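Some notes on the structure that comes next.
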Amino acid sequence: STAYPFSELEAKWQAFWLEHKTFRTPELAELDTSRPKAYILDMFPYPSGAGLHVGHPEGYTATDIMARLRRMQGHNVLHPIGWDAFGLPAEQYALQTGTHPAVTTERNIARFRQQLQALGFSYDWDREVCTTDPDYYRWTQWIFLQLFKRGLAYQAEVPVNWCPALGTVLANEEVIDGKSERGSHPVVRLPMKQWMLRITAYADRLLEDLEGLDWADSIKDMQRNWIGRSEGALIRFAVQGGPGAVVGGDAQLEVFTTRPDTLFGATYLVVAPEHALLGALTSGVQRAAVAAYVKAAAAKSELERTELQKKKTGVFTGSHAINPATGEAVPVWVADYVLGGYGSGAIMAVPAHDARDYEFATAFDLPVRRVVAPAADGVGRDSESDLPFTGEGVAVNSTAEAAGLSLDGLDTAAAAARTVAWLAQRACGEAKVSYKLRDWLFARQRYWGEPFPIVYAEGSDEPMAVDEGDLPLVLPETDDFRPSGTPESPLANITSWVNITDPQTGQRLRRETSTMPQWAGSCWYYLRYLQPWNAERLVDPAAERYWLPVDLYVGGAEHAVLHLLYARFWHKVLFDLGVVSTREPFQRLVSQGMILGEVEYTVFQDSSGAYVDEGDPDATPVRVAEADVEKTGRGHVLRADPGVLVNARAHKMSKSRGNVVNPDDVVAAYGADSLRLYEMFMGPLRDTKVWNTRSVDGVHRFLARVFRMCTGGLSDDPPSREQLRLLHATIKRVTDETEALRFNTGIAAMMEFVNGVFKWEGTPPRAALEPFVLLLAPYAPHLAEEMWQVLGHSESLAYESWPSYDEALLVQDTVNLPVQVNGKLRGAVEVRKDAEQPAAEEAARALPSAAKFLDGKPVRKVVYVPGRILNFIVGK
Ligand code: ANZ
């Protein structure tokens with residue numbers, strides 16, 4: 001039978017680990033700090049009502065393997081877990097059911113905790129943190145106060161999504177195509193004073209410090225693109241108002257450009273529809289057209305506005321601007337491909353060298369003037385055939401003698417530098433760095449979040465910090481967490497909480513009623529794990545110096561930008577405050593790939609039931625079972641009707657698709673070790689993978705074989721040389737592959753070992769299996785602990801030394817020696833690498849496929865190259 005008693009032994013070891021606190025990390029004072037440390041961190045889960053999904057155990061198994069490996073290698077390991085529990089879903093659930101978010105959250109956490117423990121993760125459960133716990137968010141509020149006191153938190157008018165029908169403000173994810181997700185009511189954008197965090201002040205450091213991090217380049221690039229640093233210049237153009245424009249005589253229009261070297265090619269200017277000067281620039285005759293244009297632009301998203309290939313739209317304002325180099329008056333247009341929120345919200349358009357400007361100029365018949373030639377073409381060529389030319393090259397047509405500026409012949413960088421210096425001299429411009437990164441909108445009009453420790457004096461809008469000594473400012477208990485009916489947070493309903501009297505001064509005060517976004521608590525949780533019980537400070541400095549940075553952080557790629565950027569930002573602020581000693585929180589980051597649902601097989605039929613192409617207008621998809629499908633060279637086909645092609649596709653797991661795999665079911669049917677092993681065996685950690693329950697059965701059978709291998713009787717004989725070779729080769733492979741996070745190939749090596757053992761003659765020696773059980777322990781810890789006991793040990797193996805291997809034993813000392821007769825290959829024999837000729841010859845003569853050609857013939861000569869070839873030269 002392939003069965004092994006997984007439920008029983010898994011429950012036994014889970015209880016053992018909890019009872020003995022096997023994975024408790026001692027306080028710093030009790031640690032032998034001469035050992036290396038490993039801080040191995042998971043992205044903590046949001047405890048949703050649905051429980052764990054199979055994506056959680058993917059990353060959590062990977063980090064658990066590393067934590068267990070490092071313990072066995074003698075590291076001090078910190079491997080904690082907690083809950084990111086503020087946020088929208090709990091609040092939405094509360095609105096639907098009337099259950100308080102605190103109740104839902106507690107229930108969900110209890111379920112998650114139980115599920116994680118049932119998977120055997122080696123967390124230190126004494127260090128659990130929860131973002132909704134006042135002892136935790138006290139420090140979230142404390143960090144906010146430090147930001148506020150340093151001018152890094154400020155208030156600004158920012159639009160919120162106000163839904164009059166629902167009487168609430170909605171989060172962006174609750175708004176779909178301008179309608180509320182619930183009920184599909186119209187949503188309007190309403191300006192409201194809101195909290196912002198000045199992350200832009202840290203843009204350069206967030207960019208520079210990426211260099212030293214051991215993160216995938218793709219994720220670093222996503223962060224770089226998000227920050228979007230561009231070096232260029234601001235250039236000021238004098239404005240010449242058209243008839244009826246009310247722009248002042250000394251008015252200037254400032255543009256941001258990354259290509260100041262193309263100044264001579266600027267044949268028109270464009271301002272964004274949001275530009276502050278647009279109204280003043282607009283001439284009388286153009287006023288109606290411009291107003292209509294601005295209104296239409298407001299309805300489009302940024303993406304729609306800036307996409308290439310989109311038909312360019314715009315309207316002439318009626319005014320002109322003077323190019324400071326040429327003195328030429330160029331028209332000023334308004335167009336929505338220029339964004340109000342970037343650079344200065346206005347551009348100099350250089351159609352010869354910018355693709356969007358080129359499209360625009362072509363559409364509106366504006367002049368195109370080449371001012372850069374490809375360097376290889378030499379100077380002075382002026383063909384229009386290859387425009388727009390957006391690369392770097394050599395400046396042409398760029399001399400204004402009167403102005404004392406000539407760029408001709410200079411390469412792009414030199415021309416840009418010359419232009420900026422010339423502009424600066426005349427106070428017409430200067431070098432400027434722009435960022436795509438915007439300050440962080442840090443307020444939500446919601447109940448279930450951290451309250452801001454901010455009050456206002458009666459009749460004043462001036463925010464004042466709550467005393468640090470009065471933290472935590474506890475979220476008020478209420479059953480009335482419904483929307484307030486105004487664009488304010490539901491907290492505004494709780495007037496006894498909002499309106500207070502300062503006990504010292506008797507002053508009447510009003511509390512801030514918005515709450516912090518869900519990102520807040522996850523910005524710094526990795527610090528709280530170091531001492532979650534510390535009531536005096538956010539983190540103990542000595543503990544921080546020892547444990548940080550995090551050595552391995554694993555989580556979903558969906559957090560590659562925002563969470564990681566926000567956490568890095570707060571960490572740098574804490575660094576500046578002297579709260580942490582490290583510039584970066586997460587030294588090594590790995591993003592796990594998504595797990596898709598089982599492959600779905602579909603054929604297409606028309607109304608008469610005949611099989612048709614997917615593209616047929618009459619095609620209806622019909623699901624077919626995997627068993628009815630066959631894979632061929634042409635793709636998947638129906639087994640019963642191989643002429644019919646079957647569409648095979650995996651989809652993201654979703655409730656609506658009905659393809660969600662529940663880890664609880666897998667654990668019940670196959671055990672936690674099987675689930676862990678399967679998720680690691682599916683493929684490389686970073687790759688997207690497709691779920692397949694039949695393959696879970698495969699790894700389950702492997703574990704059952706391990707169980708039988710260890711329980712089927714062992715000998716105390718020393719292992720043979722060949723047995724040792726297999727063992728040591730396995731130790732080396734599993735060690736190397738695990739270190740490199742190539743868990744799938746580490747598992748393959750263990751499978752090969754077990755296959756090898758089952759081919760051994762006689763009872764396997766105990767000394768060859770013991771190290772193997774240790775190798776298996778990080779991957780399938782329950783079974784490994786049990787087998788360790790079967791092998792005669794009475795202690796947990798969690799802190800046993802990781803097996804080492806002997807290089808000398810790895811060398812394979814036999815070879816497959818090719819045997820020829822008269823130069824023709826007749827087979828091969830296994831001999832020692834350094835076998836003497838007589839021994840090799842004897843083995844070769846015994847080879848039946850060679851012997852029949854030697855039979856009865858005189859051997860004239862034997863050519864033998866040890867390890868390479870043995871050739872019999874025979875006569876007729
Ligand atoms: C003249 C020019 C000539 C430009 C040329 C490019 C090529 P990044 O790299 O994204 O920073 N730009 C500036 N502000 C803009 C805004 N608010 N909305 C849309 N486009 C804007 O790109 C900066 C370039 O994008 C700037 O350099 C400007 O066009 C445009 F051969 O100025 B350039």
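Residue names in the structure tokens use chain letters A, B, ... in the order shown, residue numbers from 1 in each chain, and ligand numbers from 1 in the order shown.
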(request) Write down as a PyMOL selection string the residues belonging to range 263-458 of chain A that are assigned alpha helix (DSSP H) by DSSP computed on the backbone. (result) chain A and resi 278-281+287-298+302-306+355-364+412-425
Counting only C-alpha atoms, which residues in range 36-151 of chain A sit no more than 12 Å from range 652-655 of chain A? For each one, give the nearest pair of atoms and the distance in Å, sorted by chain then residue number, as a tab-separated table.
```
residue	atom	partner	partner_atom	distance
A:Ala50	CA	A:Lys655	CA	10.0
A:His53	CA	A:Met653	CA	9.3
A:Val54	CA	A:Met653	CA	9.4
A:Gly55	CA	A:Met653	CA	9.8
```
Output C-alpha atoms for every residue in that selection, as a PDB file, in the first residue's frame.
```pdb
ATOM      1  CA  ALA A  50     -12.246  33.135   2.531  1.00  0.00           C
ATOM      2  CA  HIS A  53      -5.717  30.249  -0.782  1.00  0.00           C
ATOM      3  CA  VAL A  54      -3.019  28.145  -2.433  1.00  0.00           C
ATOM      4  CA  GLY A  55      -0.938  31.238  -3.163  1.00  0.00           C
TER       5      GLY A  55
END
```
(message) If we count only C-alpha atoms and set the cut-off at 7 Å, which residues sit around Ala457 in chain A, ignoring sequence neighbours fewer than 3 positions away in its own chain? Please answer as a VMD selection string.
(response) chain A and resid 460 508 to 510
Write the residues of the selection above to a file with N, CA and C atoms, as a PDB file, in the first residue's frame.
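So out-v3.pdb came out as:
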```pdb
ATOM      1  N   SER A 460     -11.040  76.212  13.780  1.00  0.00           N
ATOM      2  CA  SER A 460      -9.765  76.320  13.064  1.00  0.00           C
ATOM      3  C   SER A 460      -9.547  75.083  12.200  1.00  0.00           C
ATOM      4  N   ARG A 508     -11.863  73.701  23.642  1.00  0.00           N
ATOM      5  CA  ARG A 508     -12.685  72.770  22.865  1.00  0.00           C
ATOM      6  C   ARG A 508     -11.891  72.343  21.632  1.00  0.00           C
ATOM      7  N   LEU A 509     -11.817  71.025  21.398  1.00  0.00           N
ATOM      8  CA  LEU A 509     -11.045  70.502  20.268  1.00  0.00           C
ATOM      9  C   LEU A 509     -11.907  69.568  19.434  1.00  0.00           C
ATOM     10  N   ARG A 510     -11.502  69.406  18.167  1.00  0.00           N
ATOM     11  CA  ARG A 510     -12.214  68.525  17.237  1.00  0.00           C
ATOM     12  C   ARG A 510     -11.193  67.554  16.650  1.00  0.00           C
TER      13      ARG A 510
END
```
(request) Would you list the residues that come within 6 Å of ligand 1? Count only C-alpha atoms and all ligand atoms and give the answer as a PyMOL selection string. (result) chain A and resi 230+256-259+262+337-340+342-343+345-350+353-354+390
(message) Applying 12 Å and only C-alpha atoms, which residues near Lys179 in chain A remain after dropping the ones on its own chain fewer than 4 positions away? List them as a VMD selection string.
(response) chain A and resid 161 to 166 170 to 175 183 to 189
I need the chosen residues saved as a compact mmCIF listing (two decimals), in the first residue's frame, with N, CA and C atoms.
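What follows is the written file out.txt:
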```
# COMPACT_ATOMS: atom_id res chain seq x y z
N ASN A 161 -13.76 60.25 -4.36
CA ASN A 161 -14.89 59.69 -5.13
C ASN A 161 -16.13 59.75 -4.25
N TRP A 162 -16.98 60.70 -4.49
CA TRP A 162 -18.17 60.89 -3.66
C TRP A 162 -19.37 60.32 -4.39
N CYS A 163 -20.08 59.41 -3.73
CA CYS A 163 -21.26 58.81 -4.32
C CYS A 163 -22.47 59.30 -3.56
N PRO A 164 -23.21 60.28 -4.13
CA PRO A 164 -24.34 60.87 -3.39
C PRO A 164 -25.41 59.83 -3.05
N ALA A 165 -25.67 58.87 -3.95
CA ALA A 165 -26.74 57.91 -3.71
C ALA A 165 -26.43 57.02 -2.50
N LEU A 166 -25.16 56.61 -2.38
CA LEU A 166 -24.78 55.76 -1.25
C LEU A 166 -24.42 56.59 -0.03
N LEU A 170 -15.95 56.65 -1.89
CA LEU A 170 -15.53 55.30 -2.30
C LEU A 170 -14.03 55.26 -2.58
N ALA A 171 -13.47 54.11 -2.30
CA ALA A 171 -12.07 53.88 -2.69
C ALA A 171 -12.03 53.69 -4.20
N ASN A 172 -10.85 53.90 -4.81
CA ASN A 172 -10.75 53.76 -6.27
C ASN A 172 -11.22 52.40 -6.74
N GLU A 173 -10.91 51.36 -5.94
CA GLU A 173 -11.29 50.01 -6.39
C GLU A 173 -12.79 49.75 -6.26
N GLU A 174 -13.51 50.68 -5.64
CA GLU A 174 -14.97 50.53 -5.55
C GLU A 174 -15.69 51.30 -6.66
N VAL A 175 -14.89 51.95 -7.51
CA VAL A 175 -15.49 52.72 -8.60
C VAL A 175 -15.14 52.05 -9.91
N GLY A 183 -24.37 48.76 -6.64
CA GLY A 183 -25.55 49.51 -7.05
C GLY A 183 -25.39 50.32 -8.32
N SER A 184 -24.14 50.50 -8.79
CA SER A 184 -23.92 51.22 -10.04
C SER A 184 -24.51 52.63 -10.03
N HIS A 185 -24.26 53.37 -8.95
CA HIS A 185 -24.71 54.76 -8.86
C HIS A 185 -23.60 55.69 -9.35
N PRO A 186 -24.00 56.87 -9.86
CA PRO A 186 -22.98 57.81 -10.33
C PRO A 186 -22.05 58.25 -9.19
N VAL A 187 -20.79 58.43 -9.55
CA VAL A 187 -19.77 58.87 -8.59
C VAL A 187 -19.19 60.18 -9.11
N VAL A 188 -19.04 61.17 -8.25
CA VAL A 188 -18.43 62.43 -8.68
C VAL A 188 -17.13 62.64 -7.93
N ARG A 189 -16.21 63.35 -8.62
CA ARG A 189 -14.93 63.67 -7.98
C ARG A 189 -15.11 65.00 -7.28
```
(request) With a distance cut-off of 6 Å and only C-alpha atoms, select the neighbouring residues of range 466-471 of chain A, excluding the residue or stretch itself and same-chain residues fewer than 2 positions from it, and output the selection as a list in words. (result)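 Returned residues: Arg138, Pro453, Ile454 and Leu473 of chain A.
Atom to atom, CA of Asp365 in chain A and CA of Ala352 in chain A stand 12.9 Å apart.
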(message) For the structure I just gave you, how does DSSP split range 602-729 of chain A - specifically, which residues are strand (DSSP E or B)? Reply as a VMD selection string.
(response) chain A and resid 602 to 605 611 620 to 624 629 to 632 635 to 638 645 to 649 652 689 to 690 715
(message) Show me, as a list of chain:residue names, the residues that have an atom within 7 Å of His728 in chain A when counting only C-alpha atoms, minus same-chain residues fewer than 4 positions from it.
(response)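 After dropping sequence-adjacent residues, the list is A:Leu724, A:Lys732, A:Tyr805, A:Asp806, A:Leu809, A:Leu810.
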Put those residues in a file: C-alpha atoms, as a PDB file, in the first residue's frame.
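File result_24.pdb, as written:
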```pdb
ATOM      1  CA  LEU A 724      27.918   6.764  -0.192  1.00  0.00           C
ATOM      2  CA  LYS A 732      25.418  18.361  -2.479  1.00  0.00           C
ATOM      3  CA  TYR A 805      29.281  16.092   1.907  1.00  0.00           C
ATOM      4  CA  ASP A 806      32.716  14.818   1.045  1.00  0.00           C
ATOM      5  CA  LEU A 809      33.111  10.679  -2.478  1.00  0.00           C
ATOM      6  CA  LEU A 810      31.337  12.480  -5.294  1.00  0.00           C
TER       7      LEU A 810
END
```
